[in-house]
Amino acid sequence: MLRSLTYVAALCAASYNPMSQRSPADVARELLSADRAFAAASAQDDMVAALGRMFARDVVVPVRGRASFARGRDAALAALRADSSNAGARLAWTPIRAGVSGDGTHGFTYGYTTLTRRDGTTVPGKYVAYWEREDGAWRVRVYRRVGRAPGLVSRSELPPVVPPRLVAAAADSAAHRRHLEELAETERAFSRDARGGPAIGKAFTDYGDPNAANVGNGAEFIVGPAAIGASVQAGIAPGTSITWGPDEVRVAPSGDLGVSIGFITIRRPSAGGAGIQDLHIPFFTIWRRDDVRAPWRYVAE
């Protein structure tokens, strides 16, 4: 176990010099290796301990079965422990894709999980993680794990989603505030354009990055904005409207990768059509753009 933890620490704390000869793909491979190292070490512990090792101090995690987020590592681990289905369970996972910001300080991964409960039953799932460097090491700042339908999935690695080049981390606080507001306004515009009816699917198509992935409801991730738009549209019952907005946004200093966190409100006719039912669901969306002059487009959710 000690050897596994030492290996994790070495990978996650790999130094980053933006002026080195490394490429964006090199940094993405480093992040993917860090995720894989945490996954390898998870065999030594229960699920809560395994996730706790990779969570940042200020991690944000949706709480299962509740319209809320757990904020901070202690709160996130407490929420996981409070779920009786996690007691004594072990979590294995395989990342299949990584992406990074232009300054190499933010990134994301997603992939497939298998939860093995204490009684030996297994539950297949998917996860999406947003990472930042904390004290020189990669740590997860926002994390989501969901169940998935049974079925075969490919665990082959997908090409990384990377910027055209690496840049030095910016220190301009005014520019950073502008990047934050641009991302928040893009999320609000996305919601406005998905006002209902066929506009929902069109909005998910129009706002998607060419490499966009969505957890979906099937066994595999849905990849590509057109496929995501069609899937979302197909899952919306007539008379349903969806609205959402960001409560918080985080953006890399380079201004080209970020994450929005908030709640979706789904308003739909209740059973029998006797009234209206509102559902509130926590969400987070990972966004990217090739440079700060380009529009934001979602890349994983």
# chains A, B, ... in the order shown; residues from 1 in each chain; ligands from 1
$ select_by_dssp --residues "range 43-174 of chain A" --states "alpha helix (DSSP H)" --output "ChimeraX atom specification"
/A:47-54,73-82,173-174
$ residues_around --residues "range 286-289 of chain A" --least-positions-apart "6" --cutoff "6 Å" --atoms "only C-alpha atoms" --output "list in words"
Asp256, Leu257, Gly258, Val259, Trp296, Arg297, Tyr298, Val299 and Ala300 of chain A
$ select_by_dssp --residues "range 88-167 of chain A" --states "strand (DSSP E)" --output "PyMOL selection string"
chain A and resi 90-100+106-116+122-134+137-147
$ residues_around --residues "Thr94 in chain A" --least-positions-apart "3" --cutoff "9 Å" --atoms "only C-alpha atoms" --output "ChimeraX atom specification"
/A:35-36,39,110-113,155
$ residues_around --residues "range 53-65 of chain A" --least-positions-apart "2" --cutoff "6 Å" --atoms "only C-alpha atoms" --output "list of chain:residue names"
A:Ala50, A:Leu51, A:Ser68, A:Phe69, A:Ala70, A:Arg71, A:Gly72, A:Arg73, A:Arg139, A:Val140, A:Arg141, A:Val142, A:Tyr143
$ residues_around --residues "Ala189 in chain A" --least-positions-apart "4" --cutoff "10 Å" --atoms "only C-alpha atoms" --output "list of chain:residue names"
A:Leu183, A:Ala184, A:Glu185, A:Asp193, A:Ala194, A:Ala203, A:Tyr207, A:Trp244, A:Gly245
$ closest_atom_pairs --of "range 195-233 of chain A" --to "range 144-154 of chain A" --cutoff "10 Å" --atoms "only C-alpha atoms" --output "CSV"
residue,atom,partner,partner_atom,distance
A:Val215,CA,A:Val146,CA,8.0
A:Gly216,CA,A:Arg148,CA,8.4
A:Asn217,CA,A:Arg148,CA,6.4
A:Gly218,CA,A:Ala149,CA,5.1
A:Ala219,CA,A:Ala149,CA,4.6
A:Glu220,CA,A:Val153,CA,5.8
A:Phe221,CA,A:Val153,CA,8.9
$ write_last_selection --atoms "all heavy atoms" --output "tab-separated table (two decimals), in the first residue's frame"
chain	number	residue	atom	x	y	z
A	215	VAL	N	-22.64	12.09	-20.19
A	215	VAL	CA	-22.77	10.78	-19.53
A	215	VAL	C	-23.97	10.00	-20.08
A	215	VAL	O	-23.94	8.77	-20.13
A	215	VAL	CB	-22.88	10.92	-18.00
A	215	VAL	CG1	-21.60	11.46	-17.41
A	215	VAL	CG2	-24.08	11.77	-17.59
A	216	GLY	N	-25.02	10.69	-20.49
A	216	GLY	CA	-26.17	10.02	-21.09
A	216	GLY	C	-26.83	9.01	-20.16
A	216	GLY	O	-26.54	8.96	-18.96
A	217	ASN	N	-27.70	8.19	-20.71
A	217	ASN	CA	-28.41	7.18	-19.93
A	217	ASN	C	-28.06	5.75	-20.34
A	217	ASN	O	-28.56	4.81	-19.74
A	217	ASN	CB	-29.92	7.38	-20.08
A	217	ASN	CG	-30.40	8.69	-19.49
A	217	ASN	OD1	-29.98	9.07	-18.39
A	217	ASN	ND2	-31.24	9.41	-20.23
A	218	GLY	N	-27.24	5.60	-21.36
A	218	GLY	CA	-26.89	4.27	-21.83
A	218	GLY	C	-25.63	3.74	-21.18
A	218	GLY	O	-25.15	4.27	-20.17
A	219	ALA	N	-25.07	2.70	-21.77
A	219	ALA	CA	-23.86	2.10	-21.22
A	219	ALA	C	-22.65	2.99	-21.46
A	219	ALA	O	-21.79	3.13	-20.58
A	219	ALA	CB	-23.64	0.72	-21.83
A	220	GLU	N	-22.55	3.59	-22.63
A	220	GLU	CA	-21.38	4.38	-22.98
A	220	GLU	C	-21.67	5.87	-22.92
A	220	GLU	O	-22.83	6.30	-22.92
A	220	GLU	CB	-20.91	4.00	-24.39
A	220	GLU	CG	-20.37	2.59	-24.51
A	220	GLU	CD	-19.62	2.37	-25.80
A	220	GLU	OE1	-20.24	2.47	-26.87
A	220	GLU	OE2	-18.40	2.11	-25.74
A	221	PHE	N	-20.61	6.64	-22.91
A	221	PHE	CA	-20.74	8.09	-23.05
A	221	PHE	C	-21.28	8.40	-24.45
A	221	PHE	O	-21.01	7.68	-25.41
A	221	PHE	CB	-19.39	8.78	-22.89
A	221	PHE	CG	-18.91	8.91	-21.48
A	221	PHE	CD1	-18.19	7.88	-20.88
A	221	PHE	CD2	-19.17	10.05	-20.74
A	221	PHE	CE1	-17.74	7.98	-19.57
A	221	PHE	CE2	-18.74	10.17	-19.44
A	221	PHE	CZ	-18.01	9.14	-18.84
$ atom_distance --atom1 "CA of Glu301 in chain A" --atom2 "CA of Ile281 in chain A"
13.3 Å
$ residues_around --residues "Pro160 in chain A" --least-positions-apart "6" --cutoff "10 Å" --atoms "only C-alpha atoms" --output "number ranges by chain"
A: 24-29, 32, 96-100, 108-109, 211
$ write_last_selection --atoms "C-alpha atoms" --output "PDB file, in the first residue's frame"
ATOM      1  CA  PRO A  24      -0.115  20.022 -24.466  1.00  0.00           C
ATOM      2  CA  ALA A  25      -0.510  16.302 -25.172  1.00  0.00           C
ATOM      3  CA  ASP A  26       2.360  15.573 -22.752  1.00  0.00           C
ATOM      4  CA  VAL A  27       0.548  17.448 -19.972  1.00  0.00           C
ATOM      5  CA  ALA A  28      -2.709  15.601 -20.770  1.00  0.00           C
ATOM      6  CA  ARG A  29      -0.859  12.285 -20.528  1.00  0.00           C
ATOM      7  CA  LEU A  32      -4.276  10.779 -17.243  1.00  0.00           C
ATOM      8  CA  ILE A  96     -10.593   7.095 -21.134  1.00  0.00           C
ATOM      9  CA  ARG A  97      -9.929  10.744 -21.953  1.00  0.00           C
ATOM     10  CA  ALA A  98      -8.132  13.790 -20.571  1.00  0.00           C
ATOM     11  CA  GLY A  99      -8.000  17.456 -21.496  1.00  0.00           C
ATOM     12  CA  VAL A 100      -5.940  20.356 -20.148  1.00  0.00           C
ATOM     13  CA  PHE A 108     -10.461  17.100 -16.839  1.00  0.00           C
ATOM     14  CA  THR A 109     -10.839  13.345 -17.166  1.00  0.00           C
ATOM     15  CA  ASN A 211     -15.089  16.501 -28.806  1.00  0.00           C
TER      16      ASN A 211
END
$ atom_distance --atom1 "CA of Ala129 in chain A" --atom2 "CA of Leu31 in chain A"
11.2 Å
$ closest_residue --among "A:Ala174, A:Ala87, A:Gly208, A:Gly52" --to "Ala75 in chain A" --atoms "only C-alpha atoms"
A:Gly52
$ residues_around --residues "Ser84 in chain A" --least-positions-apart "5" --cutoff "12 Å" --atoms "only C-alpha atoms" --output "VMD selection string"
chain A and resid 48 64 78 to 79 89 117 to 118
